[in-house]
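Peer 1: Dropping a structure here in structure tokens format, bear with me for questions.
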Amino acid sequence: MISLAISDDLAKIRTNRNIDLILIIVATIITALVVLVAPCLTIIRAILGFLLVLFFPGYVLVESLFPKKEELDFLERFALGIGLSVAISVFTGLGLNFTPWGIKLKPVLLSLCSFTLTFCGIAALRRCKLSKM
């Protein structure tokens, strides 16, 4: 009985600690769905696309590199997230330019979504390792 309560408390702590990553995962999936399935939602598509290109990839990369909250404050994480997202998007486009798919909507969307989701997983694993220590 006691161990069940402790495990529930640990699950809440881990969920609260990873709420930013969970929100980014949900927003990334919604972005992919809106862009591919419902192109008529132009305002939502533009806002989510803007976040996918200019914030999400860099933020999850920063979170995977610096999983401790004490290492960087919010403003540093935000600024690094924007800067790294721009670099990631540019290099993604450059890499796609040399593939048969080229720089089109679906390849760019797929590559940025896969990068974001992969590094969300890496950041969550690194945070989990920290909580076990």
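We label chains A, B, ... in the order they appear in the structure tokens, count residues from 1 in each chain, and number ligands from 1 in the order shown.
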Excluding Thr116 (chain A) and any residue of its chain fewer than 5 positions from it, enumerate the residues within 12 Å of it, using only C-alpha atoms, and give them as a VMD selection string.

Peer 2: chain A and resid 21 to 29 31 to 32 51 to 64 81 85 88 to 89 109 to 111 121 to 123

Peer 1: May I have all residues of chain A that DSSP, computed from the backbone, assigns to alpha helix (DSSP H), given as a ChimeraX atom specification?

Peer 2: /A:2-17,19-37,42-54,56-65,74-97,105-132

Peer 1: Using Å and a single decimal, report how far CA of Lys68 (chain A) sits from CA of Leu125 (chain A).

Peer 2: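 Between CA of Leu125 (chain A) and CA of Lys68 (chain A) the gap is 12.3 Å.
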
Peer 1: What separation in Å, quoted to one decimal, exists between CA of Gly49 (chain A) and CA of Val34 (chain A)?

Peer 2: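 Separation of CA of Gly49 (chain A) and CA of Val34 (chain A): 9.4 Å.
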
Peer 1: Please indicate the distance in Å from CA of Leu41 (chain A) to CA of Leu105 (chain A), rounded to one decimal place.

Peer 2: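 Rounded to one decimal, the two atoms are 15.8 Å apart.
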
Peer 1: For Ile82 (chain A), which residue out of A:Asp20, A:Thr42, A:Leu94, A:Phe50 is the nearest one, using only C-alpha atoms?

Peer 2: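 Of all the options, A:Phe50 lies closest to Ile82 (chain A).
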